[in-house]
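**Q** Just so it is clear, I am handing over input_22.tsv, which has TSV, N, CA and C atoms.
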```
chain	number	residue	atom	x	y	z
A	76	MET	N	0.81	-1.18	0.00
A	76	MET	CA	0.00	0.00	0.00
A	76	MET	C	0.86	1.26	0.00
A	77	VAL	N	1.99	1.21	0.68
A	77	VAL	CA	2.89	2.36	0.71
A	77	VAL	C	3.48	2.58	-0.67
A	78	GLY	N	3.78	1.53	-1.39
A	78	GLY	CA	4.32	1.64	-2.74
A	78	GLY	C	3.30	2.24	-3.70
A	79	SER	N	2.04	1.92	-3.51
A	79	SER	CA	0.98	2.45	-4.37
A	79	SER	C	0.81	3.96	-4.16
A	80	SER	N	0.86	4.42	-2.91
A	80	SER	CA	0.70	5.85	-2.66
A	80	SER	C	1.94	6.62	-3.14
A	81	ARG	N	3.12	5.99	-3.03
A	81	ARG	CA	4.34	6.63	-3.52
A	81	ARG	C	4.30	6.74	-5.05
A	82	ARG	N	3.82	5.70	-5.71
A	82	ARG	CA	3.70	5.72	-7.18
A	82	ARG	C	2.70	6.80	-7.61
A	83	THR	N	1.61	6.93	-6.90
A	83	THR	CA	0.60	7.95	-7.21
A	83	THR	C	1.19	9.34	-7.02
A	84	LEU	N	1.93	9.55	-5.95
A	84	LEU	CA	2.55	10.83	-5.70
A	84	LEU	C	3.56	11.18	-6.80
A	85	LEU	N	4.38	10.22	-7.20
A	85	LEU	CA	5.34	10.46	-8.27
A	85	LEU	C	4.64	10.74	-9.60
A	86	THR	N	3.54	10.07	-9.86
A	86	THR	CA	2.78	10.30	-11.08
A	86	THR	C	2.20	11.71	-11.09
A	87	VAL	N	1.67	12.17	-9.98
A	87	VAL	CA	1.10	13.51	-9.90
A	87	VAL	C	2.20	14.56	-10.06
A	88	VAL	N	3.34	14.37	-9.40
A	88	VAL	CA	4.45	15.32	-9.51
A	88	VAL	C	4.95	15.36	-10.95
A	89	PHE	N	5.10	14.21	-11.59
A	89	PHE	CA	5.55	14.15	-12.98
A	89	PHE	C	4.55	14.86	-13.90
A	90	PHE	N	3.26	14.62	-13.69
A	90	PHE	CA	2.22	15.25	-14.50
A	90	PHE	C	2.26	16.77	-14.35
A	91	LEU	N	2.40	17.26	-13.12
A	91	LEU	CA	2.47	18.71	-12.90
A	91	LEU	C	3.73	19.31	-13.53
A	92	ALA	N	4.85	18.60	-13.47
A	92	ALA	CA	6.09	19.09	-14.07
A	92	ALA	C	5.95	19.17	-15.59
A	93	VAL	N	5.35	18.15	-16.21
A	93	VAL	CA	5.14	18.16	-17.66
A	93	VAL	C	4.20	19.30	-18.05
A	94	CYS	N	3.12	19.49	-17.31
A	94	CYS	CA	2.19	20.58	-17.60
A	94	CYS	C	2.88	21.94	-17.45
A	95	GLY	N	3.71	22.09	-16.45
A	95	GLY	CA	4.43	23.35	-16.26
A	95	GLY	C	5.39	23.63	-17.41
A	96	CYS	N	6.11	22.60	-17.84
A	96	CYS	CA	7.04	22.78	-18.98
A	96	CYS	C	6.28	23.11	-20.26
A	97	LEU	N	5.19	22.43	-20.50
A	97	LEU	CA	4.39	22.72	-21.70
A	97	LEU	C	3.78	24.12	-21.62
A	98	GLY	N	3.37	24.54	-20.45
A	98	GLY	CA	2.83	25.89	-20.28
A	98	GLY	C	3.86	26.95	-20.58
A	99	MET	N	5.10	26.75	-20.10
A	99	MET	CA	6.16	27.71	-20.39
A	99	MET	C	6.50	27.72	-21.88
A	100	LEU	N	6.49	26.56	-22.50
A	100	LEU	CA	6.81	26.47	-23.93
A	100	LEU	C	5.77	27.20	-24.77
A	101	PHE	N	4.49	26.97	-24.50
A	101	PHE	CA	3.43	27.61	-25.27
A	101	PHE	C	3.25	29.08	-24.92
A	102	ALA	N	3.58	29.48	-23.70
A	102	ALA	CA	3.47	30.89	-23.31
A	102	ALA	C	4.47	31.74	-24.06
A	103	GLN	N	5.62	31.18	-24.40
A	103	GLN	CA	6.62	31.93	-25.15
A	103	GLN	C	6.18	32.17	-26.58
A	104	LYS	N	5.34	31.29	-27.13
A	104	LYS	CA	4.88	31.42	-28.50
A	104	LYS	C	3.59	32.22	-28.61
A	105	ALA	N	2.97	32.56	-27.49
A	105	ALA	CA	1.71	33.30	-27.52
A	105	ALA	C	1.96	34.72	-28.00
A	106	PRO	N	1.05	35.25	-28.82
A	106	PRO	CA	1.24	36.63	-29.30
A	106	PRO	C	1.05	37.62	-28.16
A	107	THR	N	1.84	38.66	-28.17
A	107	THR	CA	1.70	39.70	-27.17
A	107	THR	C	0.85	40.82	-27.74
A	108	ILE	N	0.06	41.42	-26.90
A	108	ILE	CA	-0.82	42.49	-27.32
A	108	ILE	C	-0.19	43.81	-26.91
A	109	ALA	N	0.11	44.62	-27.90
A	109	ALA	CA	0.71	45.92	-27.62
A	109	ALA	C	-0.37	46.89	-27.17
A	110	PRO	N	-0.08	47.69	-26.16
A	110	PRO	CA	-1.08	48.67	-25.73
A	110	PRO	C	-1.30	49.71	-26.82
A	111	SER	N	-2.55	50.04	-27.03
A	111	SER	CA	-2.86	51.03	-28.06
A	111	SER	C	-2.63	52.42	-27.49
A	112	GLY	N	-2.10	53.28	-28.33
A	112	GLY	CA	-1.79	54.64	-27.91
A	112	GLY	C	-2.97	55.56	-28.12
A	113	ASP	N	-2.78	56.80	-27.74
A	113	ASP	CA	-3.83	57.81	-27.90
A	113	ASP	C	-4.14	58.06	-29.36
A	114	ALA	N	-3.13	57.96	-30.21
A	114	ALA	CA	-3.35	58.20	-31.64
A	114	ALA	C	-4.30	57.16	-32.22
A	115	ASP	N	-4.17	55.91	-31.78
A	115	ASP	CA	-5.06	54.85	-32.27
A	115	ASP	C	-6.50	55.12	-31.85
A	116	VAL	N	-6.67	55.56	-30.61
A	116	VAL	CA	-8.02	55.84	-30.10
A	116	VAL	C	-8.62	57.01	-30.87
A	117	ARG	N	-7.83	58.07	-31.09
A	117	ARG	CA	-8.33	59.23	-31.83
A	117	ARG	C	-8.71	58.85	-33.25
A	118	ASP	N	-7.88	58.02	-33.90
A	118	ASP	CA	-8.19	57.60	-35.26
A	118	ASP	C	-9.47	56.76	-35.31
A	119	SER	N	-9.65	55.90	-34.31
A	119	SER	CA	-10.86	55.07	-34.26
A	119	SER	C	-12.11	55.92	-34.05
A	120	VAL	N	-12.03	56.89	-33.14
A	120	VAL	CA	-13.17	57.77	-32.89
A	120	VAL	C	-13.48	58.61	-34.13
A	121	ARG	N	-12.43	59.10	-34.78
A	121	ARG	CA	-12.62	59.90	-36.00
A	121	ARG	C	-13.28	59.05	-37.09
A	122	GLN	N	-12.83	57.82	-37.24
A	122	GLN	CA	-13.40	56.92	-38.25
A	122	GLN	C	-14.86	56.60	-37.91
A	123	PHE	N	-15.16	56.35	-36.64
A	123	PHE	CA	-16.53	56.07	-36.23
A	123	PHE	C	-17.42	57.29	-36.49
A	124	SER	N	-16.92	58.48	-36.19
A	124	SER	CA	-17.70	59.70	-36.42
A	124	SER	C	-17.99	59.90	-37.90
A	125	THR	N	-17.03	59.60	-38.74
A	125	THR	CA	-17.23	59.73	-40.18
A	125	THR	C	-18.31	58.76	-40.67
A	126	VAL	N	-18.23	57.52	-40.21
A	126	VAL	CA	-19.23	56.53	-40.62
A	126	VAL	C	-20.60	56.92	-40.09
A	127	TYR	N	-20.67	57.39	-38.85
A	127	TYR	CA	-21.95	57.79	-38.27
A	127	TYR	C	-22.56	58.95	-39.05
A	128	ASP	N	-21.74	59.91	-39.45
A	128	ASP	CA	-22.24	61.05	-40.24
A	128	ASP	C	-22.80	60.59	-41.58
A	129	VAL	N	-22.11	59.66	-42.23
A	129	VAL	CA	-22.60	59.14	-43.52
A	129	VAL	C	-23.93	58.42	-43.34
A	130	VAL	N	-24.04	57.62	-42.30
A	130	VAL	CA	-25.30	56.90	-42.04
A	130	VAL	C	-26.41	57.90	-41.72
A	131	GLU	N	-26.11	58.89	-40.90
A	131	GLU	CA	-27.11	59.88	-40.51
A	131	GLU	C	-27.61	60.68	-41.72
A	132	GLN	N	-26.73	61.00	-42.65
A	132	GLN	CA	-27.11	61.78	-43.83
A	132	GLN	C	-27.88	60.95	-44.85
A	133	ASN	N	-27.60	59.65	-44.94
A	133	ASN	CA	-28.18	58.84	-46.01
A	133	ASN	C	-29.30	57.91	-45.57
A	134	TYR	N	-29.58	57.81	-44.29
A	134	TYR	CA	-30.62	56.92	-43.82
A	134	TYR	C	-31.98	57.56	-44.04
A	135	ALA	N	-32.98	56.77	-44.33
A	135	ALA	CA	-34.30	57.30	-44.69
A	135	ALA	C	-35.01	57.97	-43.51
A	136	GLU	N	-34.84	57.44	-42.32
A	136	GLU	CA	-35.50	57.98	-41.13
A	136	GLU	C	-34.46	58.66	-40.24
A	137	PRO	N	-34.92	59.54	-39.35
A	137	PRO	CA	-33.97	60.17	-38.43
A	137	PRO	C	-33.29	59.12	-37.54
A	138	VAL	N	-32.01	59.32	-37.29
A	138	VAL	CA	-31.24	58.37	-36.50
A	138	VAL	C	-31.19	58.85	-35.05
A	139	ASN	N	-31.59	57.99	-34.13
A	139	ASN	CA	-31.49	58.28	-32.70
A	139	ASN	C	-30.07	57.93	-32.26
A	140	PRO	N	-29.26	58.92	-31.85
A	140	PRO	CA	-27.85	58.63	-31.53
A	140	PRO	C	-27.68	57.63	-30.39
A	141	ASP	N	-28.50	57.75	-29.34
A	141	ASP	CA	-28.37	56.81	-28.22
A	141	ASP	C	-28.64	55.38	-28.67
A	142	LYS	N	-29.71	55.21	-29.41
A	142	LYS	CA	-30.06	53.87	-29.88
A	142	LYS	C	-29.01	53.34	-30.85
A	143	ALA	N	-28.51	54.18	-31.72
A	143	ALA	CA	-27.51	53.75	-32.71
A	143	ALA	C	-26.22	53.33	-32.05
A	144	ILE	N	-25.78	54.08	-31.06
A	144	ILE	CA	-24.49	53.79	-30.43
A	144	ILE	C	-24.61	52.64	-29.43
A	145	TYR	N	-25.58	52.72	-28.50
A	145	TYR	CA	-25.65	51.74	-27.43
A	145	TYR	C	-26.28	50.42	-27.84
A	146	ASN	N	-27.19	50.44	-28.79
A	146	ASN	CA	-27.84	49.19	-29.21
A	146	ASN	C	-27.25	48.62	-30.48
A	147	GLY	N	-26.50	49.42	-31.22
A	147	GLY	CA	-25.97	48.94	-32.49
A	147	GLY	C	-24.47	48.91	-32.58
A	148	ALA	N	-23.83	50.05	-32.40
A	148	ALA	CA	-22.39	50.17	-32.65
A	148	ALA	C	-21.56	49.41	-31.61
A	149	ILE	N	-21.82	49.64	-30.35
A	149	ILE	CA	-21.00	49.02	-29.30
A	149	ILE	C	-21.14	47.50	-29.31
A	150	PRO	N	-22.35	46.93	-29.31
A	150	PRO	CA	-22.44	45.47	-29.38
A	150	PRO	C	-21.83	44.90	-30.67
A	151	GLY	N	-21.99	45.65	-31.77
A	151	GLY	CA	-21.40	45.19	-33.03
A	151	GLY	C	-19.89	45.17	-32.98
A	152	LEU	N	-19.29	46.20	-32.40
A	152	LEU	CA	-17.84	46.23	-32.27
A	152	LEU	C	-17.33	45.13	-31.36
A	153	LEU	N	-18.02	44.89	-30.27
A	153	LEU	CA	-17.60	43.83	-29.36
A	153	LEU	C	-17.73	42.46	-29.99
A	154	HIS	N	-18.78	42.28	-30.78
A	154	HIS	CA	-18.97	41.00	-31.47
A	154	HIS	C	-17.88	40.77	-32.50
A	155	VAL	N	-17.54	41.79	-33.26
A	155	VAL	CA	-16.51	41.65	-34.29
A	155	VAL	C	-15.15	41.47	-33.63
A	156	ARG	N	-14.86	42.20	-32.57
A	156	ARG	CA	-13.56	42.12	-31.91
A	156	ARG	C	-13.31	40.74	-31.32
A	157	ALA	N	-14.36	40.03	-30.95
A	157	ALA	CA	-14.19	38.71	-30.38
A	157	ALA	C	-13.65	37.72	-31.40
A	158	PHE	N	-13.84	37.98	-32.70
A	158	PHE	CA	-13.41	37.05	-33.71
A	158	PHE	C	-12.15	37.49	-34.44
A	159	ILE	N	-11.62	38.66	-34.15
A	159	ILE	CA	-10.40	39.14	-34.79
A	159	ILE	C	-9.22	38.78	-33.91
A	160	PRO	N	-8.24	38.05	-34.43
A	160	PRO	CA	-7.08	37.72	-33.60
A	160	PRO	C	-6.22	38.95	-33.37
A	161	ALA	N	-5.63	39.02	-32.21
A	161	ALA	CA	-4.76	40.15	-31.87
A	161	ALA	C	-3.46	40.04	-32.65
A	162	THR	N	-2.98	41.17	-33.12
A	162	THR	CA	-1.71	41.17	-33.86
A	162	THR	C	-0.62	41.81	-33.08
```
Starting from the file, give its structure as structure tokens.

**A**
Amino acid sequence: MVGSSRRTLLTVVFFLAVCGCLGMLFAQKAPTIAPSGDADVRDSVRQFSTVYDVVEQNYAEPVNPDKAIYNGAIPGLLHVRAFIPAT
């Protein structure tokens, strides 16, 4: 019985060591996400404003800004961002 518990302990330690080594190996290959600067945020807001203006000018009915942004744009951006891999 003592040999069985020792074998189990060695198996668990070996398994944890292998998982740790594999984790370090794959963590080195994982892409790093660079923090976006203020210029990126300004460009994104400017691009969103341009698109919003085009939609507002060409849409058949008046556009409610709150509804367009909170019910349409933000959920749409979050949905799209979930499927774009980080570069």

**Q** Quote the spacing between atom C of A:Val126 and atom N of A:Gly112 in Å to one decimal place.

**A** 22.2 Å

**Q** Quote the spacing between atom CA of A:Ala143 and atom CA of A:Glu131 in Å to one decimal place.

**A**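 We find that atom CA of A:Ala143 and atom CA of A:Glu131 lie 9.9 Å from each other.
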
**Q** Could you pull the residues within 12 Å of stretch 145-150 of chain A, counting only C-alpha atoms, minus those fewer than 6 positions along the same chain, as a ChimeraX atom specification?

**A** /A:120,123-124,126-127,130,138-139,156-157

**Q** In Å, with one decimal, what is the gap from atom CA of A:Asp113 to atom CA of A:Pro140?

**A**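 These two atoms are separated by 24.3 Å.
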
**Q** Have stretch 110-121 of chain A completed to all heavy atoms, please, and pass it along as a PDB file, in the coordinates of the input.

**A**
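After the write, rebuild_28.pdb holds the following:
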```
ATOM      1  N   PRO A 110      -0.080  47.690 -26.160  1.00  0.00           N
ATOM      2  CA  PRO A 110      -1.080  48.670 -25.730  1.00  0.00           C
ATOM      3  C   PRO A 110      -1.300  49.710 -26.820  1.00  0.00           C
ATOM      4  O   PRO A 110      -0.368  50.170 -27.460  1.00  0.00           O
ATOM      5  CB  PRO A 110      -0.471  49.289 -24.486  1.00  0.00           C
ATOM      6  CG  PRO A 110       0.991  49.037 -24.598  1.00  0.00           C
ATOM      7  CD  PRO A 110       1.144  47.772 -25.399  1.00  0.00           C
ATOM      8  N   SER A 111      -2.550  50.040 -27.030  1.00  0.00           N
ATOM      9  CA  SER A 111      -2.860  51.030 -28.060  1.00  0.00           C
ATOM     10  C   SER A 111      -2.630  52.420 -27.490  1.00  0.00           C
ATOM     11  O   SER A 111      -2.916  52.707 -26.338  1.00  0.00           O
ATOM     12  CB  SER A 111      -4.296  50.883 -28.539  1.00  0.00           C
ATOM     13  OG  SER A 111      -5.172  51.082 -27.468  1.00  0.00           O
ATOM     14  N   GLY A 112      -2.100  53.280 -28.330  1.00  0.00           N
ATOM     15  CA  GLY A 112      -1.790  54.640 -27.910  1.00  0.00           C
ATOM     16  C   GLY A 112      -2.970  55.560 -28.120  1.00  0.00           C
ATOM     17  O   GLY A 112      -4.034  55.185 -28.622  1.00  0.00           O
ATOM     18  N   ASP A 113      -2.780  56.800 -27.740  1.00  0.00           N
ATOM     19  CA  ASP A 113      -3.830  57.810 -27.900  1.00  0.00           C
ATOM     20  C   ASP A 113      -4.140  58.060 -29.360  1.00  0.00           C
ATOM     21  O   ASP A 113      -5.283  58.346 -29.711  1.00  0.00           O
ATOM     22  CB  ASP A 113      -3.407  59.109 -27.219  1.00  0.00           C
ATOM     23  CG  ASP A 113      -3.393  59.001 -25.704  1.00  0.00           C
ATOM     24  OD1 ASP A 113      -4.059  58.092 -25.180  1.00  0.00           O
ATOM     25  OD2 ASP A 113      -2.733  59.829 -25.053  1.00  0.00           O
ATOM     26  N   ALA A 114      -3.130  57.960 -30.210  1.00  0.00           N
ATOM     27  CA  ALA A 114      -3.350  58.200 -31.640  1.00  0.00           C
ATOM     28  C   ALA A 114      -4.300  57.160 -32.220  1.00  0.00           C
ATOM     29  O   ALA A 114      -5.160  57.488 -33.049  1.00  0.00           O
ATOM     30  CB  ALA A 114      -2.026  58.191 -32.384  1.00  0.00           C
ATOM     31  N   ASP A 115      -4.170  55.910 -31.780  1.00  0.00           N
ATOM     32  CA  ASP A 115      -5.060  54.850 -32.270  1.00  0.00           C
ATOM     33  C   ASP A 115      -6.500  55.120 -31.850  1.00  0.00           C
ATOM     34  O   ASP A 115      -7.433  54.932 -32.625  1.00  0.00           O
ATOM     35  CB  ASP A 115      -4.628  53.487 -31.741  1.00  0.00           C
ATOM     36  CG  ASP A 115      -3.315  53.014 -32.334  1.00  0.00           C
ATOM     37  OD1 ASP A 115      -2.926  53.518 -33.414  1.00  0.00           O
ATOM     38  OD2 ASP A 115      -2.678  52.145 -31.709  1.00  0.00           O
ATOM     39  N   VAL A 116      -6.670  55.560 -30.610  1.00  0.00           N
ATOM     40  CA  VAL A 116      -8.020  55.840 -30.100  1.00  0.00           C
ATOM     41  C   VAL A 116      -8.620  57.010 -30.870  1.00  0.00           C
ATOM     42  O   VAL A 116      -9.784  56.968 -31.294  1.00  0.00           O
ATOM     43  CB  VAL A 116      -7.978  56.118 -28.589  1.00  0.00           C
ATOM     44  CG1 VAL A 116      -9.331  56.577 -28.092  1.00  0.00           C
ATOM     45  CG2 VAL A 116      -7.525  54.884 -27.837  1.00  0.00           C
ATOM     46  N   ARG A 117      -7.830  58.070 -31.090  1.00  0.00           N
ATOM     47  CA  ARG A 117      -8.330  59.230 -31.830  1.00  0.00           C
ATOM     48  C   ARG A 117      -8.710  58.850 -33.250  1.00  0.00           C
ATOM     49  O   ARG A 117      -9.736  59.285 -33.769  1.00  0.00           O
ATOM     50  CB  ARG A 117      -7.283  60.343 -31.846  1.00  0.00           C
ATOM     51  CG  ARG A 117      -7.378  61.229 -30.633  1.00  0.00           C
ATOM     52  CD  ARG A 117      -6.484  62.443 -30.768  1.00  0.00           C
ATOM     53  NE  ARG A 117      -5.542  62.370 -29.662  1.00  0.00           N
ATOM     54  CZ  ARG A 117      -4.232  62.218 -29.762  1.00  0.00           C
ATOM     55  NH1 ARG A 117      -3.655  62.191 -30.923  1.00  0.00           N
ATOM     56  NH2 ARG A 117      -3.488  62.131 -28.695  1.00  0.00           N
ATOM     57  N   ASP A 118      -7.880  58.020 -33.900  1.00  0.00           N
ATOM     58  CA  ASP A 118      -8.190  57.600 -35.260  1.00  0.00           C
ATOM     59  C   ASP A 118      -9.470  56.760 -35.310  1.00  0.00           C
ATOM     60  O   ASP A 118     -10.293  56.912 -36.206  1.00  0.00           O
ATOM     61  CB  ASP A 118      -7.029  56.780 -35.847  1.00  0.00           C
ATOM     62  CG  ASP A 118      -5.811  57.634 -36.129  1.00  0.00           C
ATOM     63  OD1 ASP A 118      -5.955  58.881 -36.223  1.00  0.00           O
ATOM     64  OD2 ASP A 118      -4.711  57.057 -36.250  1.00  0.00           O
ATOM     65  N   SER A 119      -9.650  55.900 -34.310  1.00  0.00           N
ATOM     66  CA  SER A 119     -10.860  55.070 -34.260  1.00  0.00           C
ATOM     67  C   SER A 119     -12.110  55.920 -34.050  1.00  0.00           C
ATOM     68  O   SER A 119     -13.138  55.702 -34.696  1.00  0.00           O
ATOM     69  CB  SER A 119     -10.748  54.036 -33.147  1.00  0.00           C
ATOM     70  OG  SER A 119      -9.697  53.146 -33.408  1.00  0.00           O
ATOM     71  N   VAL A 120     -12.030  56.890 -33.140  1.00  0.00           N
ATOM     72  CA  VAL A 120     -13.170  57.770 -32.890  1.00  0.00           C
ATOM     73  C   VAL A 120     -13.480  58.610 -34.130  1.00  0.00           C
ATOM     74  O   VAL A 120     -14.635  58.802 -34.494  1.00  0.00           O
ATOM     75  CB  VAL A 120     -12.925  58.659 -31.648  1.00  0.00           C
ATOM     76  CG1 VAL A 120     -13.985  59.724 -31.516  1.00  0.00           C
ATOM     77  CG2 VAL A 120     -12.870  57.801 -30.405  1.00  0.00           C
ATOM     78  N   ARG A 121     -12.430  59.100 -34.780  1.00  0.00           N
ATOM     79  CA  ARG A 121     -12.620  59.900 -36.000  1.00  0.00           C
ATOM     80  C   ARG A 121     -13.280  59.050 -37.090  1.00  0.00           C
ATOM     81  O   ARG A 121     -14.208  59.489 -37.772  1.00  0.00           O
ATOM     82  CB  ARG A 121     -11.276  60.441 -36.489  1.00  0.00           C
ATOM     83  CG  ARG A 121     -11.403  61.426 -37.629  1.00  0.00           C
ATOM     84  CD  ARG A 121     -10.049  62.016 -38.042  1.00  0.00           C
ATOM     85  NE  ARG A 121      -9.457  62.764 -36.928  1.00  0.00           N
ATOM     86  CZ  ARG A 121      -8.266  62.485 -36.384  1.00  0.00           C
ATOM     87  NH1 ARG A 121      -7.537  61.505 -36.844  1.00  0.00           N
ATOM     88  NH2 ARG A 121      -7.807  63.211 -35.380  1.00  0.00           N
TER      89      ARG A 121
END
```
